[in-house]
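Chemist: This is the structure, below, for whatever I ask next.
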Amino acid sequence: MRQSRDADAPRIAVARKRIVEHRHMTENAPSTKAGRGPSQEEAPVTAVPLLDLKGQYRSMKEEVDAAIKRVVDSQMFILGPEVESLEREIAAYCGCTDAVGVSSGTDALLAALMAYGIGPGHEVITAPFTFFATVGSILRVGAKPVFADIDPDTFNIDPDALKKAITSRTKAVMPVHLFGQCADMDPILAVAEDHGLVVIEDAAQAIGAHYRGRPAGSMGHVGCFSFFPSKNLGAFGDGGIVTTNDHQLAERIRVLRNQGMQPKYHHAVVGGNFRLDALQAAILRVKLTRLDGWIEARRANAAFYTRSFEETGLAGEKIIPPRVRFERHVFNQYVIRVRDRDALRDHLIANRVGTEIYYPKPVHLQECLKDFGCVEGEFPASEEASGCVLALPVYPELSLEQKRYVVSAIGQFYGE
């Protein structure tokens with residue numbers, strides 16, 4: 001029998017208290033004084049990577065190494081106590097009754113679709129501006145992805161477009177909380193309830209995000225998260241988790257993640273190998289205690305960029321910073337809109353500033369979906385976003401000098 005969540009309440013309380021101790025990136029604590037050159041101990045900034053996971057690891061090396069050793073000593077590598085503890089802790093963090101650890105964010109989506117019996121003959125509505133896994137999981141269960149265009153301000157699915165995409169074959173809607181900001185869930189949930197649709201939140205990039213006081217992953221029937229290393233809560237490899245307030249659904253997903261086996265060597269359903277490794281769970285448990293601190297640092301970094309672009313006159317015609325419509329945006333990515341995007345990116349690469357384009361081609365125009373009949377121009381907001389978005393470094397460990405370097409390099413491009 002699994003322990004109740006109450007058994008881990010003291011540990012979770014201690015973990016949340018420690019979060020404050022790890023808020024190590026604020027604007028009031030620059031590494032050099034304004035107006036002065038770098039100290040003798042610091043070299044001038046000449047490069048800023050898009051992400052620096054080595055720095056993150058150094059900040060918690062002893063605890064992570066101890067967690068890994070704990071698992072190695074136990075020789076329990078698949079599921080087990082570490083995974084069960086992580087599931088309880090993530091469920092508590094996301095305000096859900098249950099969480100089920102799985103092998104990746106993609107498999108979280110796949111397992112959720114399978115648990116609801118979604119397959120051939122069904123349609124699932126989602127946005128065309130997203131990472132391919134959102135749509136790939138729908139295709140893998142044999143269902144048809146149907147697209148609704150995005151709100152150009154948030155990059156998330158437009159609830160009005162969603163309403164127009166519903167047919168008699170629609171079984172589910174899969175809103176994506178892209179870049180760390182929740183989709184506009186109230187109208188989405190209302191439409192889903194009116195039409196009897198399952199709501200699967202693709203929250204792969206949004207752990208810790210809130211929408212009008214509610215955590216990502218707690219609002220729909222099920223939430224799906226990724227622990228890919230670049231995520232705000234990243235493992236040392238692939239990993240994911242499913243959250244829900246439906247205990248029976250959670251039990252179905254637990255069966256599905258383990259080859260559909262219950263009891264051992266008895267298979268009433270066909271599942272898959274979607275199990276989360278204990279090593280990843282142990283590492284994630286260490287990182288979870290720091291997650292809120294990292295989120296606040298990301299939010300502070302994002303605010304610095306936006307304020308700097310406004311103060312230098314770059315915001316507006318030249319740069320459109322991210323628009324925060326719903327708190328709490330956790331900035332898995334800080335994505336600007338710019339004209340001459342490719343030229344700006346070339347300039348930043350030349351100045352050794354890491355960037356990425358999320359995403360250069362919307363899903364409905366991908367080669368493998370050509371038989372679905374989508375044509376260029378059908379989803380203009382998604383297509384426009386693909387032509388002008390650019391992600392800048394926003395990871396928690398950024399120094400004030402690094403952020404200034406990024407802003408300066410962009411200013412140089414625009415002659416500011």
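Note on naming: chains are A, B, ... as they come in the structure tokens, residues start from 1 per chain, ligands start from 1 in the order shown.
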Can you list, as a ChimeraX atom specification, every protein, DNA or RNA residue that comes within 8 Å of Leu392 (chain A) when you count only C-alpha atoms, leaving out same-chain residues fewer than 2 positions away?

Modeler: /A:50,333-336,354-356,390,394

Chemist: Output C-alpha atoms of each residue in that selection to a file, as a PDB file, in the first residue's frame.

Modeler:
```pdb
ATOM      1  CA  LEU A  50      21.071  30.177 -24.085  1.00  0.00           C
ATOM      2  CA  GLN A 333      11.480  30.723 -22.495  1.00  0.00           C
ATOM      3  CA  TYR A 334      11.652  34.507 -22.895  1.00  0.00           C
ATOM      4  CA  VAL A 335      10.417  34.906 -26.461  1.00  0.00           C
ATOM      5  CA  ILE A 336      10.404  38.238 -28.269  1.00  0.00           C
ATOM      6  CA  GLY A 354      22.723  32.035 -27.447  1.00  0.00           C
ATOM      7  CA  THR A 355      19.269  32.126 -29.042  1.00  0.00           C
ATOM      8  CA  GLU A 356      16.714  29.679 -30.374  1.00  0.00           C
ATOM      9  CA  LEU A 390      13.282  34.558 -30.965  1.00  0.00           C
ATOM     10  CA  VAL A 394      16.558  33.690 -19.273  1.00  0.00           C
TER      11      VAL A 394
END
```

Chemist: Taking the backbone alone, and naming residues the way the document does, which bits of region 197-342 of chain A are helix (DSSP H, G or I) by DSSP, as a PyMOL selection string?

Modeler: chain A and resi 247-256+278-288+291-311+341-342

Chemist: Just how far from CA of Lys403 (chain A) is CA of Glu311 (chain A), in Å to one decimal?

Modeler: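 Spanning CA of Glu311 (chain A) to CA of Lys403 (chain A) is a straight-line distance of 14.5 Å.
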
Chemist: I need the strand (DSSP E or B) residues of region 208-394 of chain A per DSSP on the backbone, written as a PDB file with N, CA and C atoms, in the first residue's frame.

Modeler:
```
ATOM      1  N   HIS A 210       0.669  29.649 -12.945  1.00  0.00           N
ATOM      2  CA  HIS A 210      -0.674  29.765 -12.397  1.00  0.00           C
ATOM      3  C   HIS A 210      -1.565  30.523 -13.369  1.00  0.00           C
ATOM      4  N   TYR A 211      -2.833  30.180 -13.328  1.00  0.00           N
ATOM      5  CA  TYR A 211      -3.863  30.898 -14.077  1.00  0.00           C
ATOM      6  C   TYR A 211      -4.959  31.291 -13.106  1.00  0.00           C
ATOM      7  N   ARG A 214      -4.824  29.269  -9.993  1.00  0.00           N
ATOM      8  CA  ARG A 214      -4.841  27.807 -10.112  1.00  0.00           C
ATOM      9  C   ARG A 214      -3.588  27.324 -10.831  1.00  0.00           C
ATOM     10  N   PRO A 215      -2.943  26.285 -10.301  1.00  0.00           N
ATOM     11  CA  PRO A 215      -1.703  25.807 -10.915  1.00  0.00           C
ATOM     12  C   PRO A 215      -1.943  25.114 -12.252  1.00  0.00           C
ATOM     13  N   VAL A 222      -6.670  16.311 -16.905  1.00  0.00           N
ATOM     14  CA  VAL A 222      -5.331  15.768 -16.698  1.00  0.00           C
ATOM     15  C   VAL A 222      -4.308  16.807 -17.158  1.00  0.00           C
ATOM     16  N   GLY A 223      -3.152  16.824 -16.477  1.00  0.00           N
ATOM     17  CA  GLY A 223      -2.052  17.691 -16.873  1.00  0.00           C
ATOM     18  C   GLY A 223      -0.828  16.863 -17.205  1.00  0.00           C
ATOM     19  N   CYS A 224      -0.075  17.295 -18.210  1.00  0.00           N
ATOM     20  CA  CYS A 224       1.083  16.530 -18.675  1.00  0.00           C
ATOM     21  C   CYS A 224       2.320  17.428 -18.663  1.00  0.00           C
ATOM     22  N   PHE A 225       3.354  16.980 -17.947  1.00  0.00           N
ATOM     23  CA  PHE A 225       4.578  17.754 -17.760  1.00  0.00           C
ATOM     24  C   PHE A 225       5.785  17.000 -18.304  1.00  0.00           C
ATOM     25  N   SER A 226       6.775  17.772 -18.723  1.00  0.00           N
ATOM     26  CA  SER A 226       8.048  17.221 -19.190  1.00  0.00           C
ATOM     27  C   SER A 226       9.149  17.595 -18.216  1.00  0.00           C
ATOM     28  N   GLY A 240       8.882  12.570 -17.261  1.00  0.00           N
ATOM     29  CA  GLY A 240       7.645  13.340 -17.313  1.00  0.00           C
ATOM     30  C   GLY A 240       6.716  12.900 -16.202  1.00  0.00           C
ATOM     31  N   ILE A 241       5.582  13.572 -16.097  1.00  0.00           N
ATOM     32  CA  ILE A 241       4.609  13.207 -15.072  1.00  0.00           C
ATOM     33  C   ILE A 241       3.227  13.651 -15.511  1.00  0.00           C
ATOM     34  N   VAL A 242       2.231  12.915 -15.061  1.00  0.00           N
ATOM     35  CA  VAL A 242       0.826  13.214 -15.322  1.00  0.00           C
ATOM     36  C   VAL A 242       0.176  13.586 -14.003  1.00  0.00           C
ATOM     37  N   THR A 243      -0.570  14.686 -13.977  1.00  0.00           N
ATOM     38  CA  THR A 243      -1.289  15.096 -12.776  1.00  0.00           C
ATOM     39  C   THR A 243      -2.788  15.039 -13.036  1.00  0.00           C
ATOM     40  N   THR A 244      -3.545  14.742 -11.989  1.00  0.00           N
ATOM     41  CA  THR A 244      -4.997  14.666 -12.131  1.00  0.00           C
ATOM     42  C   THR A 244      -5.644  14.707 -10.755  1.00  0.00           C
ATOM     43  N   ASN A 258       3.094   0.581 -17.412  1.00  0.00           N
ATOM     44  CA  ASN A 258       3.848  -0.643 -17.124  1.00  0.00           C
ATOM     45  C   ASN A 258       3.310  -1.800 -17.959  1.00  0.00           C
ATOM     46  N   MET A 261       0.053  -3.996 -17.341  1.00  0.00           N
ATOM     47  CA  MET A 261       0.166  -5.197 -16.501  1.00  0.00           C
ATOM     48  C   MET A 261      -0.446  -4.978 -15.116  1.00  0.00           C
ATOM     49  N   HIS A 267      -2.416  -9.144 -18.397  1.00  0.00           N
ATOM     50  CA  HIS A 267      -2.601  -7.950 -19.214  1.00  0.00           C
ATOM     51  C   HIS A 267      -4.030  -7.900 -19.744  1.00  0.00           C
ATOM     52  N   ASN A 273       5.843   0.974 -22.290  1.00  0.00           N
ATOM     53  CA  ASN A 273       6.921   1.103 -21.303  1.00  0.00           C
ATOM     54  C   ASN A 273       7.146   2.592 -21.069  1.00  0.00           C
ATOM     55  N   ARG A 275       7.655   4.006 -17.940  1.00  0.00           N
ATOM     56  CA  ARG A 275       8.026   4.131 -16.525  1.00  0.00           C
ATOM     57  C   ARG A 275       9.128   5.168 -16.316  1.00  0.00           C
ATOM     58  N   ASP A 277      12.404   6.498 -14.340  1.00  0.00           N
ATOM     59  CA  ASP A 277      13.552   5.929 -13.632  1.00  0.00           C
ATOM     60  C   ASP A 277      13.679   6.521 -12.237  1.00  0.00           C
ATOM     61  N   ALA A 315      11.498  48.595 -27.401  1.00  0.00           N
ATOM     62  CA  ALA A 315      10.181  47.960 -27.332  1.00  0.00           C
ATOM     63  C   ALA A 315       9.189  48.729 -28.187  1.00  0.00           C
ATOM     64  N   ILE A 319      10.981  45.690 -31.218  1.00  0.00           N
ATOM     65  CA  ILE A 319      10.868  44.468 -30.422  1.00  0.00           C
ATOM     66  C   ILE A 319       9.533  44.466 -29.696  1.00  0.00           C
ATOM     67  N   ILE A 320       8.840  43.339 -29.754  1.00  0.00           N
ATOM     68  CA  ILE A 320       7.642  43.155 -28.921  1.00  0.00           C
ATOM     69  C   ILE A 320       8.003  42.135 -27.839  1.00  0.00           C
ATOM     70  N   TYR A 334      11.974  33.103 -22.710  1.00  0.00           N
ATOM     71  CA  TYR A 334      11.652  34.507 -22.895  1.00  0.00           C
ATOM     72  C   TYR A 334      11.693  34.752 -24.401  1.00  0.00           C
ATOM     73  N   VAL A 335      10.525  34.873 -25.002  1.00  0.00           N
ATOM     74  CA  VAL A 335      10.417  34.906 -26.461  1.00  0.00           C
ATOM     75  C   VAL A 335       9.933  36.277 -26.911  1.00  0.00           C
ATOM     76  N   ILE A 336      10.764  36.947 -27.695  1.00  0.00           N
ATOM     77  CA  ILE A 336      10.404  38.238 -28.269  1.00  0.00           C
ATOM     78  C   ILE A 336       9.940  38.054 -29.704  1.00  0.00           C
ATOM     79  N   ARG A 337       9.208  39.053 -30.188  1.00  0.00           N
ATOM     80  CA  ARG A 337       8.855  39.123 -31.603  1.00  0.00           C
ATOM     81  C   ARG A 337       9.678  40.246 -32.223  1.00  0.00           C
ATOM     82  N   VAL A 338      10.305  39.968 -33.342  1.00  0.00           N
ATOM     83  CA  VAL A 338      11.137  40.982 -33.983  1.00  0.00           C
ATOM     84  C   VAL A 338      11.010  40.886 -35.500  1.00  0.00           C
ATOM     85  N   VAL A 353      25.908  35.302 -28.298  1.00  0.00           N
ATOM     86  CA  VAL A 353      24.700  35.273 -27.471  1.00  0.00           C
ATOM     87  C   VAL A 353      23.832  34.124 -27.966  1.00  0.00           C
ATOM     88  N   GLU A 356      17.370  30.806 -29.710  1.00  0.00           N
ATOM     89  CA  GLU A 356      16.714  29.679 -30.374  1.00  0.00           C
ATOM     90  C   GLU A 356      15.400  30.166 -30.957  1.00  0.00           C
ATOM     91  N   VAL A 389       9.555  34.977 -34.046  1.00  0.00           N
ATOM     92  CA  VAL A 389       9.881  34.730 -32.640  1.00  0.00           C
ATOM     93  C   VAL A 389      11.367  34.411 -32.456  1.00  0.00           C
ATOM     94  N   LEU A 390      11.896  34.837 -31.306  1.00  0.00           N
ATOM     95  CA  LEU A 390      13.282  34.558 -30.965  1.00  0.00           C
ATOM     96  C   LEU A 390      13.401  34.475 -29.446  1.00  0.00           C
ATOM     97  N   ALA A 391      13.956  33.376 -28.953  1.00  0.00           N
ATOM     98  CA  ALA A 391      14.135  33.177 -27.517  1.00  0.00           C
ATOM     99  C   ALA A 391      15.509  33.664 -27.083  1.00  0.00           C
ATOM    100  N   LEU A 392      15.545  34.398 -25.969  1.00  0.00           N
ATOM    101  CA  LEU A 392      16.787  34.911 -25.387  1.00  0.00           C
ATOM    102  C   LEU A 392      17.116  34.164 -24.103  1.00  0.00           C
TER     103      LEU A 392
END
```

Chemist: Taking only residues of region 271-377 of chain A that have an atom at most 10 Å from an atom of region 135-159 of chain A, what is each one's shortest atom pair and its distance in Å to one decimal, using only C-alpha atoms, in chain and number order, as a Markdown table?

Modeler:
```
| residue | atom | partner | partner_atom | distance |
| --- | --- | --- | --- | --- |
| A:Ile320 | CA | A:Asp153 | CA | 9.6 |
| A:Pro321 | CA | A:Asp153 | CA | 9.8 |
| A:Pro322 | CA | A:Thr154 | CA | 7.5 |
| A:Arg323 | CA | A:Asp153 | CA | 6.0 |
| A:Val324 | CA | A:Thr154 | CA | 7.4 |
| A:Arg325 | CA | A:Thr154 | CA | 7.2 |
| A:Phe326 | CA | A:Thr154 | CA | 9.2 |
| A:Val335 | CA | A:Phe155 | CA | 9.9 |
| A:Val363 | CA | A:Val135 | CA | 7.6 |
| A:His364 | CA | A:Phe147 | CA | 7.7 |
| A:Cys368 | CA | A:Gly136 | CA | 10.0 |
| A:Leu369 | CA | A:Pro145 | CA | 9.5 |
| A:Phe372 | CA | A:Lys144 | CA | 8.6 |
| A:Cys374 | CA | A:Phe147 | CA | 9.2 |
```

Chemist: How would the residues just picked look written out with N, CA and C atoms as a PDB file, in the first residue's frame?

Modeler:
```
ATOM      1  N   ILE A 320       8.840  43.339 -29.754  1.00  0.00           N
ATOM      2  CA  ILE A 320       7.642  43.155 -28.921  1.00  0.00           C
ATOM      3  C   ILE A 320       8.003  42.135 -27.839  1.00  0.00           C
ATOM      4  N   PRO A 321       8.173  42.590 -26.592  1.00  0.00           N
ATOM      5  CA  PRO A 321       8.492  41.655 -25.511  1.00  0.00           C
ATOM      6  C   PRO A 321       7.302  40.727 -25.231  1.00  0.00           C
ATOM      7  N   PRO A 322       7.518  39.652 -24.481  1.00  0.00           N
ATOM      8  CA  PRO A 322       6.399  38.769 -24.117  1.00  0.00           C
ATOM      9  C   PRO A 322       5.324  39.545 -23.353  1.00  0.00           C
ATOM     10  N   ARG A 323       4.096  39.230 -23.646  1.00  0.00           N
ATOM     11  CA  ARG A 323       2.979  39.878 -22.969  1.00  0.00           C
ATOM     12  C   ARG A 323       2.424  38.938 -21.906  1.00  0.00           C
ATOM     13  N   VAL A 324       2.511  39.366 -20.677  1.00  0.00           N
ATOM     14  CA  VAL A 324       2.062  38.545 -19.553  1.00  0.00           C
ATOM     15  C   VAL A 324       0.606  38.879 -19.290  1.00  0.00           C
ATOM     16  N   ARG A 325      -0.267  37.982 -19.674  1.00  0.00           N
ATOM     17  CA  ARG A 325      -1.695  38.203 -19.473  1.00  0.00           C
ATOM     18  C   ARG A 325      -2.181  37.517 -18.204  1.00  0.00           C
ATOM     19  N   PHE A 326      -1.622  36.337 -17.914  1.00  0.00           N
ATOM     20  CA  PHE A 326      -2.082  35.586 -16.756  1.00  0.00           C
ATOM     21  C   PHE A 326      -0.899  35.281 -15.850  1.00  0.00           C
ATOM     22  N   VAL A 335      10.525  34.873 -25.002  1.00  0.00           N
ATOM     23  CA  VAL A 335      10.417  34.906 -26.461  1.00  0.00           C
ATOM     24  C   VAL A 335       9.933  36.277 -26.911  1.00  0.00           C
ATOM     25  N   VAL A 363       3.104  23.395 -36.865  1.00  0.00           N
ATOM     26  CA  VAL A 363       2.922  21.956 -37.048  1.00  0.00           C
ATOM     27  C   VAL A 363       2.067  21.646 -38.275  1.00  0.00           C
ATOM     28  N   HIS A 364       1.066  22.452 -38.562  1.00  0.00           N
ATOM     29  CA  HIS A 364       0.157  22.110 -39.660  1.00  0.00           C
ATOM     30  C   HIS A 364       0.842  22.154 -41.020  1.00  0.00           C
ATOM     31  N   CYS A 368       5.054  15.716 -42.585  1.00  0.00           N
ATOM     32  CA  CYS A 368       4.341  14.485 -42.242  1.00  0.00           C
ATOM     33  C   CYS A 368       2.839  14.701 -42.044  1.00  0.00           C
ATOM     34  N   LEU A 369       2.379  15.962 -42.074  1.00  0.00           N
ATOM     35  CA  LEU A 369       0.945  16.235 -41.948  1.00  0.00           C
ATOM     36  C   LEU A 369       0.320  16.720 -43.258  1.00  0.00           C
ATOM     37  N   PHE A 372      -3.272  15.841 -44.288  1.00  0.00           N
ATOM     38  CA  PHE A 372      -4.416  16.327 -43.530  1.00  0.00           C
ATOM     39  C   PHE A 372      -5.071  17.546 -44.180  1.00  0.00           C
ATOM     40  N   CYS A 374      -4.108  20.731 -44.614  1.00  0.00           N
ATOM     41  CA  CYS A 374      -3.889  22.114 -44.181  1.00  0.00           C
ATOM     42  C   CYS A 374      -3.062  22.855 -45.232  1.00  0.00           C
TER      43      CYS A 374
END
```

Chemist: Pick out the residues sitting within 8 Å of His221 (chain A), and hand them over as a PyMOL selection string; count only C-alpha atoms, and ignore anything fewer than 4 positions along from it in its own chain.

Modeler: chain A and resi 198-201+244-246

Chemist: Could those selected residues go to a file with N, CA and C atoms, as a tab-separated table (two decimals), in the first residue's frame?

Modeler:
```
chain	number	residue	atom	x	y	z
A	198	VAL	N	-12.93	16.02	-23.15
A	198	VAL	CA	-11.82	15.83	-22.22
A	198	VAL	C	-10.83	16.98	-22.43
A	199	VAL	N	-10.30	17.52	-21.33
A	199	VAL	CA	-9.30	18.58	-21.41
A	199	VAL	C	-7.97	18.05	-20.91
A	200	ILE	N	-7.00	17.96	-21.81
A	200	ILE	CA	-5.65	17.49	-21.48
A	200	ILE	C	-4.72	18.68	-21.59
A	201	GLU	N	-4.22	19.16	-20.46
A	201	GLU	CA	-3.31	20.30	-20.45
A	201	GLU	C	-1.90	19.86	-20.84
A	244	THR	N	-3.55	14.74	-11.99
A	244	THR	CA	-5.00	14.67	-12.13
A	244	THR	C	-5.64	14.71	-10.76
A	245	ASN	N	-6.92	15.04	-10.75
A	245	ASN	CA	-7.73	14.94	-9.54
A	245	ASN	C	-8.71	13.77	-9.61
A	246	ASP	N	-8.45	12.89	-10.55
A	246	ASP	CA	-9.28	11.69	-10.76
A	246	ASP	C	-8.45	10.47	-10.38
```

Chemist: Given only C-alpha atoms as the basis, pick out the residue of A:Gly217, A:Gly237, A:Gly387, A:Gly121 nearest to Leu109 (chain A).

Modeler: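 Residue with the minimum atom-to-atom distance to Leu109 (chain A): A:Gly217.
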
Chemist: Using only C-alpha atoms, which protein or nucleic acid residues come within 12 Å of Ser168 (chain A)? Drop anything in the same chain fewer than 5 positions from it, and give the result as a list in words.

Modeler: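 Returned residues: Gly121, His122, Glu123, Val124, His195, Gly196 and Leu197 of chain A.
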
Chemist: Which residue out of A:Arg252, A:Lys231, A:Lys370, A:Lys164 has the minimum interatomic distance to Ala112 (chain A) when only C-alpha atoms are used?

Modeler: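 With only C-alpha atoms as the atom set, the closest residue is A:Arg252.
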
Chemist: Just the residues within 9 Å of Ile188 (chain A), please, counting only C-alpha atoms, with nothing from its chain fewer than 5 positions along; format it as number ranges by chain.

Modeler: A: 158-160, 162-163, 173, 175, 183, 193, 199

Chemist: For CA of Cys94 (chain A) and CA of Ala206 (chain A), determine how far apart the two atoms are, in Å to one decimal place.

Modeler: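 A separation of 10.8 Å between them.
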
Chemist: With only C-alpha atoms as the counted atoms, please give the residues lying no more than 9 Å from region 55-63 of chain A, apart from itself and same-chain residues fewer than 6 positions off, as a VMD selection string.

Modeler: chain A and resid 283 286 to 287 396 to 397
